[in-house]
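**Q** Pasting protein-v4.txt below, which is compact mmCIF, C-alpha atoms and all ligand atoms.
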# COMPACT_ATOMS: atom_id res chain seq x y z
CA MET R 40 -27.62 -49.19 74.28
CA PHE R 41 -27.44 -45.39 73.94
CA ARG R 42 -26.68 -45.77 70.25
CA TYR R 43 -30.31 -46.82 69.97
CA ARG R 44 -31.61 -43.82 71.90
CA ASN R 45 -29.83 -41.07 69.95
CA LYS R 46 -32.02 -37.98 69.83
CA GLU R 47 -30.59 -36.53 66.60
CA VAL R 48 -31.07 -39.79 64.72
CA ALA R 49 -34.60 -40.10 66.11
CA GLN R 50 -35.43 -36.57 64.95
CA LYS R 51 -34.15 -37.33 61.44
CA ILE R 52 -36.36 -40.43 61.17
CA VAL R 53 -39.40 -38.54 62.49
CA LYS R 54 -38.76 -35.76 59.94
CA ARG R 55 -38.68 -38.32 57.13
CA LEU R 56 -41.85 -39.98 58.39
CA LYS R 57 -43.62 -36.62 58.44
CA GLU R 58 -42.47 -35.86 54.89
CA MET R 59 -44.14 -39.06 53.72
CA ASN R 60 -47.66 -37.69 54.47
CA LEU R 61 -48.79 -40.98 55.91
CA ASN R 62 -52.24 -42.09 56.94
CA ILE R 63 -51.67 -45.73 57.87
CA ARG R 64 -52.58 -48.26 60.53
CA ILE R 65 -50.07 -50.92 61.50
CA MET R 66 -49.93 -53.65 64.14
CA HIS R 67 -47.24 -55.16 66.27
CA VAL R 68 -47.61 -58.42 68.20
CA CYS R 69 -45.24 -58.07 71.12
CA GLY R 70 -45.62 -56.89 74.71
CA THR R 71 -42.06 -55.55 74.75
CA HIS R 72 -42.78 -53.44 71.66
CA GLN R 73 -45.86 -52.07 73.41
CA ASP R 74 -43.73 -51.22 76.45
CA THR R 75 -41.22 -49.29 74.32
CA LEU R 76 -44.03 -47.61 72.41
CA VAL R 77 -45.82 -46.22 75.46
CA ARG R 78 -42.85 -45.80 77.81
CA TYR R 79 -41.06 -43.47 75.38
CA GLY R 80 -44.16 -41.73 74.04
CA LEU R 81 -43.64 -43.18 70.57
CA ASP R 82 -47.36 -43.89 70.25
CA THR R 83 -48.08 -40.15 70.35
CA LEU R 84 -45.13 -39.37 68.09
CA PHE R 85 -46.27 -41.92 65.50
CA ARG R 86 -49.80 -40.50 65.54
CA GLU R 87 -48.34 -37.08 64.74
CA CYS R 88 -46.65 -38.74 61.75
CA GLY R 89 -49.92 -40.25 60.52
CA VAL R 90 -49.16 -43.73 61.84
CA GLU R 91 -51.64 -45.49 64.07
CA MET R 92 -50.08 -48.45 65.89
CA ARG R 93 -52.20 -51.20 67.42
CA GLN R 94 -51.11 -54.05 69.68
CA GLY R 95 -52.35 -57.44 68.57
CA PRO R 96 -52.17 -60.86 70.24
CA GLY R 97 -48.57 -60.42 71.43
CA CYS R 98 -48.93 -61.01 75.16
CA PRO R 99 -48.70 -64.76 75.91
CA ILE R 100 -50.27 -64.47 79.38
CA CYS R 101 -53.20 -62.57 77.79
CA VAL R 102 -53.91 -64.94 74.89
CA THR R 103 -53.93 -68.02 77.15
CA THR R 104 -57.59 -68.89 77.52
CA PRO R 105 -59.73 -68.95 80.68
CA LYS R 106 -60.12 -72.69 80.11
CA GLU R 107 -56.37 -73.25 80.24
CA TYR R 108 -56.08 -71.29 83.51
CA GLU R 109 -59.07 -73.18 84.89
CA GLU R 110 -57.34 -76.49 84.17
CA ALA R 111 -54.39 -75.40 86.32
CA ILE R 112 -56.75 -74.18 89.05
CA THR R 113 -58.63 -77.50 88.97
CA LEU R 114 -55.43 -79.50 89.37
CA ALA R 115 -54.34 -77.27 92.27
CA ARG R 116 -57.73 -77.96 93.87
CA GLU R 117 -56.99 -81.68 93.46
CA GLY R 118 -53.91 -81.22 95.65
CA LYS R 119 -51.28 -81.00 92.90
CA VAL R 120 -48.43 -78.52 93.06
CA VAL R 121 -48.81 -75.96 90.24
CA ALA R 122 -45.72 -74.01 89.21
CA THR R 123 -45.74 -71.15 86.73
CA PHE R 124 -44.56 -67.61 86.02
CA GLY R 125 -45.53 -64.73 88.34
CA ASP R 126 -48.03 -62.96 86.10
CA ALA R 127 -49.90 -66.16 85.27
CA ILE R 128 -50.92 -66.81 88.86
CA ARG R 129 -52.71 -63.45 89.05
CA VAL R 130 -54.95 -63.90 86.00
CA PRO R 131 -58.55 -64.07 87.21
CA GLY R 132 -60.23 -67.42 86.54
CA ILE R 133 -63.93 -68.23 86.63
CA THR R 134 -64.20 -67.64 90.37
CA LYS R 135 -60.60 -67.18 91.48
CA SER R 136 -56.99 -67.00 90.35
CA LEU R 137 -54.08 -69.29 91.16
CA ALA R 138 -52.93 -66.56 93.56
CA ASP R 139 -56.27 -66.84 95.40
CA MET R 140 -55.78 -70.61 95.53
CA ARG R 141 -52.39 -70.06 97.12
CA THR R 142 -53.90 -67.75 99.72
CA GLU R 143 -56.33 -70.56 100.55
CA GLY R 144 -53.40 -72.86 101.28
CA ASN R 145 -52.94 -74.67 97.96
CA ASP R 146 -49.38 -75.27 96.77
CA ILE R 147 -48.87 -72.76 93.95
CA ARG R 148 -45.29 -71.85 93.19
CA VAL R 149 -43.94 -68.89 91.24
CA VAL R 150 -40.93 -69.93 89.20
CA TYR R 151 -38.56 -68.05 86.90
CA SER R 152 -37.96 -70.99 84.59
CA ILE R 153 -39.07 -74.54 83.92
CA GLU R 154 -35.85 -75.72 85.60
CA ASP R 155 -37.11 -74.22 88.88
CA ALA R 156 -40.31 -76.25 88.48
CA VAL R 157 -38.30 -79.43 87.85
CA ASN R 158 -36.24 -78.73 90.97
CA SER R 159 -39.46 -78.32 92.95
CA ALA R 160 -40.52 -81.77 91.75
CA LYS R 161 -37.20 -83.24 92.85
CA GLU R 162 -37.70 -81.85 96.35
CA THR R 163 -41.23 -83.17 96.94
CA GLN R 164 -43.18 -86.42 96.77
CA ASN R 165 -46.22 -84.54 95.38
CA ASP R 166 -47.07 -84.26 91.73
CA VAL R 167 -45.76 -81.01 90.23
CA ILE R 168 -47.36 -79.50 87.13
CA PHE R 169 -45.69 -76.71 85.19
CA LEU R 170 -48.14 -74.40 83.43
CA ALA R 171 -46.08 -73.75 80.29
CA ILE R 172 -47.08 -70.42 78.76
CA GLY R 173 -45.38 -68.54 75.94
CA PHE R 174 -44.54 -68.30 72.26
CA GLU R 175 -41.52 -69.57 70.33
CA THR R 176 -39.33 -67.62 72.78
CA THR R 177 -40.01 -69.83 75.81
CA ALA R 178 -41.03 -73.06 74.06
CA PRO R 179 -37.44 -74.12 73.25
CA SER R 180 -36.49 -74.21 76.93
CA THR R 181 -39.61 -76.28 77.71
CA ALA R 182 -38.67 -78.61 74.87
CA ALA R 183 -35.03 -78.91 75.96
CA THR R 184 -36.14 -79.72 79.51
CA LEU R 185 -38.45 -82.47 78.26
CA LEU R 186 -35.49 -84.02 76.47
CA SER R 187 -33.58 -84.29 79.76
CA ASP R 188 -33.98 -86.70 82.68
CA LEU R 189 -37.08 -85.73 84.59
CA PRO R 190 -38.56 -86.93 87.87
CA ASN R 191 -41.68 -89.13 87.58
CA ASN R 192 -43.83 -86.65 89.50
CA PHE R 193 -43.27 -83.85 86.96
CA SER R 194 -45.57 -82.98 84.06
CA ILE R 195 -46.59 -79.94 82.03
CA LEU R 196 -49.82 -78.29 80.97
CA THR R 197 -48.70 -76.88 77.66
CA CYS R 198 -50.18 -73.58 76.53
CA HIS R 199 -47.33 -72.76 74.13
CA ARG R 200 -48.35 -71.12 70.89
CA TYR R 201 -46.88 -70.28 67.47
CA VAL R 202 -47.08 -66.61 66.45
CA PRO R 203 -47.24 -66.78 62.60
CA PRO R 204 -50.61 -68.64 62.54
CA ALA R 205 -52.10 -65.83 64.65
CA LEU R 206 -50.88 -63.27 62.09
CA LYS R 207 -52.53 -65.32 59.36
CA ALA R 208 -55.75 -65.48 61.39
CA LEU R 209 -55.76 -61.70 61.75
CA MET R 210 -55.34 -61.29 58.01
CA GLU R 211 -58.05 -63.85 57.27
CA MET R 212 -60.50 -62.24 59.67
CA GLY R 213 -59.98 -58.83 58.10
CA GLU R 214 -61.81 -57.03 60.94
CA LEU R 215 -59.27 -54.24 60.89
CA LYS R 216 -57.67 -52.65 57.86
CA LEU R 217 -53.94 -53.06 58.46
CA HIS R 218 -51.30 -51.59 56.14
CA GLY R 219 -48.39 -53.49 57.68
CA LEU R 220 -47.01 -55.56 60.53
CA ILE R 221 -44.11 -55.04 62.91
CA ASP R 222 -42.95 -58.56 63.70
CA PRO R 223 -41.65 -59.51 67.16
CA GLY R 224 -37.87 -59.41 67.63
CA HIS R 225 -37.58 -62.13 70.28
CA VAL R 226 -39.79 -64.65 68.46
CA SER R 227 -38.02 -63.87 65.19
CA THR R 228 -34.61 -64.51 66.78
CA VAL R 229 -35.82 -68.10 67.15
CA ILE R 230 -37.90 -68.65 64.00
CA GLY R 231 -36.06 -66.35 61.58
CA MET R 232 -37.71 -64.55 58.65
CA LYS R 233 -39.03 -67.38 56.51
CA PRO R 234 -42.33 -68.12 58.36
CA TYR R 235 -43.49 -64.55 57.65
CA GLU R 236 -42.82 -64.66 53.92
CA GLU R 237 -45.91 -66.60 52.93
CA ILE R 238 -48.04 -64.11 54.92
CA SER R 239 -46.64 -61.15 53.00
CA LYS R 240 -47.11 -63.02 49.74
CA LYS R 241 -50.63 -64.29 50.35
CA TYR R 242 -52.12 -61.15 51.93
CA HIS R 243 -49.87 -58.57 50.26
CA VAL R 244 -48.93 -57.14 53.64
CA PRO R 245 -45.48 -55.64 54.28
CA GLN R 246 -43.65 -56.72 57.44
CA VAL R 247 -40.58 -55.53 59.32
CA ILE R 248 -38.94 -57.41 62.18
CA ALA R 249 -37.91 -54.79 64.73
CA GLY R 250 -35.87 -54.65 67.92
CA PHE R 251 -36.95 -53.06 71.17
CA GLU R 252 -35.02 -49.84 71.58
CA PRO R 253 -36.81 -46.61 70.61
CA LEU R 254 -34.64 -46.21 67.48
CA ASP R 255 -35.39 -49.82 66.50
CA MET R 256 -39.09 -49.09 66.51
CA LEU R 257 -38.70 -45.75 64.74
CA MET R 258 -36.55 -47.34 62.06
CA GLY R 259 -38.87 -50.37 61.82
CA VAL R 260 -41.87 -48.13 61.23
CA TYR R 261 -39.92 -46.05 58.71
CA MET R 262 -38.94 -49.20 56.77
CA LEU R 263 -42.57 -50.35 56.84
CA ALA R 264 -43.83 -46.94 55.70
CA ARG R 265 -41.35 -46.99 52.84
CA GLN R 266 -42.69 -50.37 51.67
CA ILE R 267 -46.28 -49.15 51.96
CA LYS R 268 -45.51 -46.03 49.92
CA ASN R 269 -43.78 -48.15 47.27
CA GLY R 270 -46.62 -50.69 47.12
CA GLU R 271 -44.29 -53.47 48.29
CA ALA R 272 -45.10 -56.44 50.50
CA LYS R 273 -41.93 -58.13 51.67
CA VAL R 274 -40.34 -59.13 54.96
CA GLU R 275 -37.50 -56.89 56.08
CA ASN R 276 -35.26 -57.20 59.10
CA GLU R 277 -34.41 -54.13 61.14
CA TYR R 278 -33.16 -56.23 64.06
CA THR R 279 -30.12 -57.61 62.26
CA ARG R 280 -28.00 -57.66 65.42
CA SER R 281 -30.15 -60.53 66.71
CA VAL R 282 -32.28 -62.03 63.93
CA ARG R 283 -30.83 -64.18 61.14
CA TYR R 284 -32.81 -65.27 58.09
CA GLU R 285 -32.77 -68.92 59.16
CA GLY R 286 -33.37 -68.18 62.87
CA ASN R 287 -31.88 -70.32 65.60
CA ALA R 288 -31.59 -73.76 64.02
CA LYS R 289 -30.93 -75.55 67.31
CA ALA R 290 -33.94 -74.01 69.06
CA ILE R 291 -36.18 -74.82 66.07
CA GLN R 292 -34.93 -78.40 66.00
CA VAL R 293 -35.55 -78.92 69.72
CA MET R 294 -39.07 -77.46 69.42
CA ASN R 295 -39.85 -79.65 66.42
CA GLU R 296 -38.59 -82.72 68.24
CA VAL R 297 -40.95 -82.24 71.17
CA PHE R 298 -43.99 -80.36 69.85
CA GLU R 299 -46.33 -80.63 66.90
CA PRO R 300 -48.85 -78.01 65.77
CA PHE R 301 -52.54 -78.38 66.48
CA ASP R 302 -55.63 -76.18 66.21
CA LEU R 303 -56.03 -74.10 69.35
CA VAL R 304 -58.33 -71.39 70.69
CA TRP R 305 -56.68 -68.11 71.69
CA ARG R 306 -58.33 -65.60 73.99
CA GLY R 307 -60.12 -63.12 71.76
CA PHE R 308 -60.08 -65.51 68.81
CA SER R 309 -61.83 -68.73 67.97
CA ILE R 310 -59.74 -71.70 66.87
CA ILE R 311 -56.54 -70.69 65.09
CA PRO R 312 -55.38 -73.53 62.82
CA ASN R 313 -51.99 -75.04 63.69
CA SER R 314 -51.28 -72.41 66.33
CA GLY R 315 -50.88 -74.60 69.41
CA MET R 316 -47.87 -76.66 70.44
CA LYS R 317 -48.95 -80.16 71.41
CA LEU R 318 -46.56 -82.65 72.99
CA LYS R 319 -45.70 -85.44 70.59
CA ARG R 320 -46.88 -88.92 71.54
CA ARG R 321 -43.50 -90.04 72.88
CA PHE R 322 -43.69 -87.33 75.57
CA GLU R 323 -47.17 -88.28 76.78
CA GLU R 324 -45.85 -89.43 80.14
CA TYR R 325 -45.24 -85.71 80.85
CA ASN R 326 -48.51 -84.46 79.39
CA ALA R 327 -50.68 -83.30 82.31
CA LYS R 328 -53.76 -83.17 80.06
CA LYS R 329 -53.44 -86.91 79.47
CA ILE R 330 -52.28 -87.90 82.94
CA TYR R 331 -55.11 -86.02 84.66
CA GLU R 332 -57.77 -86.53 81.99
CA ASP R 333 -60.38 -87.61 84.57
CA GLU R 334 -59.71 -84.70 86.94
CA LEU R 335 -59.97 -82.25 84.02
CA LYS R 336 -63.31 -83.54 82.71
CA SER R 337 -65.21 -81.02 84.86
CA VAL R 338 -63.47 -78.13 83.03
CA GLU R 339 -64.94 -79.33 79.72
CA GLU R 340 -68.43 -78.66 81.08
CA ILE R 341 -67.80 -75.06 82.11
CA LYS R 342 -69.32 -72.35 79.94
CA PHE R 343 -66.66 -69.66 79.84
CA GLU R 344 -67.72 -66.04 79.55
CA LYS R 345 -65.52 -62.99 79.47
CA PRO R 346 -65.48 -60.79 82.59
CA LYS R 347 -68.36 -58.31 82.43
CA GLY R 348 -67.28 -55.13 80.66
CA CYS R 349 -63.74 -56.35 79.93
CA ARG R 350 -62.54 -55.65 76.38
CA CYS R 351 -59.34 -57.75 76.42
CA ASP R 352 -60.66 -59.88 73.56
CA GLU R 353 -61.03 -56.82 71.31
CA ILE R 354 -57.68 -55.40 72.44
CA LEU R 355 -55.98 -58.67 71.46
CA ARG R 356 -57.47 -58.36 67.96
CA GLY R 357 -56.35 -54.73 67.77
CA LEU R 358 -59.91 -53.43 67.49
CA VAL R 359 -59.77 -51.13 70.50
CA GLU R 360 -57.17 -49.69 72.84
CA SER R 361 -57.00 -49.98 76.62
CA LYS R 362 -58.42 -46.51 77.17
CA ASP R 363 -61.55 -47.54 75.25
CA CYS R 364 -62.45 -49.93 78.08
CA PRO R 365 -64.83 -48.28 80.57
CA LEU R 366 -63.23 -50.24 83.42
CA PHE R 367 -59.67 -49.06 82.69
CA GLY R 368 -58.15 -47.35 85.75
CA ARG R 369 -61.47 -47.47 87.56
CA ALA R 370 -62.80 -50.95 88.35
CA CYS R 371 -59.70 -52.47 86.75
CA THR R 372 -56.19 -51.64 87.99
CA PRO R 373 -52.99 -53.70 88.38
CA GLN R 374 -53.89 -54.14 92.06
CA HIS R 375 -57.40 -55.36 91.18
CA PRO R 376 -57.24 -56.64 87.60
CA VAL R 377 -60.41 -57.70 85.84
CA GLY R 378 -58.75 -59.11 82.73
CA PRO R 379 -55.32 -60.52 81.81
CA CYS R 380 -54.27 -57.41 79.85
CA MET R 381 -54.11 -55.54 83.19
CA VAL R 382 -52.24 -58.37 84.92
CA SER R 383 -49.35 -59.06 82.60
CA VAL R 384 -46.38 -56.71 82.26
CA GLU R 385 -46.76 -57.40 78.52
CA GLY R 386 -50.46 -56.57 78.55
CA SER R 387 -51.68 -53.42 76.87
CA CYS R 388 -53.74 -52.23 79.86
CA ASN R 389 -50.95 -52.79 82.38
CA ILE R 390 -48.50 -50.86 80.19
CA GLU R 391 -50.95 -48.03 79.56
CA TYR R 392 -51.69 -47.80 83.28
CA LYS R 393 -48.00 -47.79 84.15
CA TYR R 394 -46.78 -45.16 81.71
CA GLY R 395 -49.87 -43.65 80.17
CA THR R 396 -53.06 -42.18 81.51
CA LYS R 397 -52.94 -43.21 85.15
CA LYS R 398 -54.63 -39.98 86.08
CA ILE R 399 -58.08 -41.17 85.08
CA GLN R 400 -58.14 -43.54 88.06
CA THR R 401 -59.19 -40.73 90.42
FE1 LIG L 1 -59.98 -55.94 80.57
FE2 LIG L 1 -59.21 -54.30 82.53
FE3 LIG L 1 -58.15 -54.02 80.16
FE4 LIG L 1 -60.66 -53.36 80.57
S1 LIG L 1 -58.90 -52.36 81.47
S2 LIG L 1 -59.85 -54.50 78.83
S3 LIG L 1 -61.28 -54.87 82.09
S4 LIG L 1 -57.95 -55.79 81.48
Would it be possible to restate this file's structure as structure tokens?

**A**
Amino acid sequence: MFRYRNKEVAQKIVKRLKEMNLNIRIMHVCGTHQDTLVRYGLDTLFRECGVEMRQGPGCPICVTTPKEYEEAITLAREGKVVATFGDAIRVPGITKSLADMRTEGNDIRVVYSIEDAVNSAKETQNDVIFLAIGFETTAPSTAATLLSDLPNNFSILTCHRYVPPALKALMEMGELKLHGLIDPGHVSTVIGMKPYEEISKKYHVPQVIAGFEPLDMLMGVYMLARQIKNGEAKVENEYTRSVRYEGNAKAIQVMNEVFEPFDLVWRGFSIIPNSGMKLKRRFEEYNAKKIYEDELKSVEEIKFEKPKGCRCDEILRGLVESKDCPLFGRACTPQHPVGPCMVSVEGSCNIEYKYGTKKIQT
């Protein structure tokens, strides 16, 4: 690990970046990259090198829509057991979160994996619904589980999403001038490099897949800056110790066997074409949206509005940073989050609060 935190090497890369006289804005789409960026002060360092780095829609808990959370809350209200990851239960819904529902006596379970949720179903007569959140990193384990023997009282509410369509949507929208993209290391370990190539080609945007150590990010940004200076737009791989060109063939195959793409709304975005993972017809017996269609009808009638003053939607499109939100550190803290970006450990506001400008809370 310490090979990737070597001060002398870091100083050499920073020196080279400074010599390039940069004035560029780039985006990454990964909560772990944001953590490294702020935890190690790389955001400040990059700014000194003429590189402005924005976080895009890279936090799965954050991009899951209020409607999707409300569906889980509605099913919990109907007496179903809802199992999901820790951060997801704290995301504020229309009137309450899943955590509030648990306090009121509903059966909401925090699990570390989908297998835990399946085990819960085996131990109870009640219906258990797994709220399946995440990108291509967690979707393969959901898919593999659906290919195994499952109890009849188990189903999933799938909120899984594909990352490359969101990158395309950002490029299409063109709200923010971006000179390049740092692609997510974990997602890329699964999907490989190919899905990014058409984005570079179509939008002439350079991309570098980077790992999560400080030197990975420094090197990734240097490689990106070099492409920008040379007028290139290709996909490069800094994270070669984990990412192969073809990705993880087995994980891709399992995902493709279980899911198919469909148009889906992301928080902060409207519909992103082919960005959602829908269960294929042969898995409908596990599809909570189908099984509980009647119970979920009421959610269709809700008019969802963002929490007053919350700027998560703009943060997820890279338009503003956490500190631009007037509620940051004041009305909105990790203890009393207003939006998902303050709840999730991958959320920009949570990370900024943890390592950045906590002092403004007073
Ligand atoms: Fe939303 Fe809170 Fe972040 Fe503001 S600080 S954007 S209210 S999560």

**Q** Dig up all the protein and nucleic acid residues within 8 Å of (-59.6, -71.9, 86.6) in the file frame, using all atoms listed in the file, and format them as a ChimeraX atom specification.

**A** /R:105-113,131-137

**Q** Create the file for the chosen residues now, containing C-alpha atoms and written as an mmCIF file, keeping the file's coordinate frame.

**A**
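This went into out-v2.cif:
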data_model
loop_
_atom_site.group_PDB
_atom_site.id
_atom_site.type_symbol
_atom_site.label_atom_id
_atom_site.label_comp_id
_atom_site.auth_asym_id
_atom_site.auth_seq_id
_atom_site.Cartn_x
_atom_site.Cartn_y
_atom_site.Cartn_z
ATOM 1 C CA PRO R 105 -59.730 -68.950 80.680
ATOM 2 C CA LYS R 106 -60.120 -72.690 80.110
ATOM 3 C CA GLU R 107 -56.370 -73.250 80.240
ATOM 4 C CA TYR R 108 -56.080 -71.290 83.510
ATOM 5 C CA GLU R 109 -59.070 -73.180 84.890
ATOM 6 C CA GLU R 110 -57.340 -76.490 84.170
ATOM 7 C CA ALA R 111 -54.390 -75.400 86.320
ATOM 8 C CA ILE R 112 -56.750 -74.180 89.050
ATOM 9 C CA THR R 113 -58.630 -77.500 88.970
ATOM 10 C CA PRO R 131 -58.550 -64.070 87.210
ATOM 11 C CA GLY R 132 -60.230 -67.420 86.540
ATOM 12 C CA ILE R 133 -63.930 -68.230 86.630
ATOM 13 C CA THR R 134 -64.200 -67.640 90.370
ATOM 14 C CA LYS R 135 -60.600 -67.180 91.480
ATOM 15 C CA SER R 136 -56.990 -67.000 90.350
ATOM 16 C CA LEU R 137 -54.080 -69.290 91.160
#

**Q** Dump the neighbourhood of ligand LIG 1 (chain L) as a list of chain:residue names: all residues within 6 Å, distances computed on all atoms listed in the file.

**A**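 The residues within 6 Å of ligand LIG 1 (chain L), counting all atoms listed in the file, are R:Cys349, R:Arg350, R:Cys351, R:Ser361, R:Cys364, R:Leu366, R:Phe367, R:Cys371, R:Pro376, R:Val377, R:Gly378, R:Pro379, R:Cys380, R:Met381, R:Cys388.
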
**Q** Please, what distance in Å, to one decimal, runs between CA of Met256 (chain R) and CA of Ile221 (chain R)?

**A**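 Separating CA of Met256 (chain R) from CA of Ile221 (chain R) is a distance of 8.6 Å.
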
**Q** Ranking R:Leu189, R:Lys319, R:Leu355, R:Arg78 by minimum distance to Ser159 (chain R) and counting only C-alpha atoms, which one comes first?

**A**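 For Ser159 (chain R), the nearest of the candidates is R:Leu189.
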
**Q** Name the residues in contact with region 85-102 of chain R at a cut-off of 7 Å, using only C-alpha atoms, excluding same-chain residues fewer than 2 positions from it; report them as an MDAnalysis selection string.

**A** chainID R and resid 56:57 60:70 73 81:83 104 127 172:174 305:306 354:357 379:380 383 385:386

**Q** Would you compute the distance between CA of Ala138 (chain R) and CA of Lys347 (chain R)? Give it in Å to one decimal.

**A**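 Spanning CA of Ala138 (chain R) to CA of Lys347 (chain R) is a straight-line distance of 20.7 Å.
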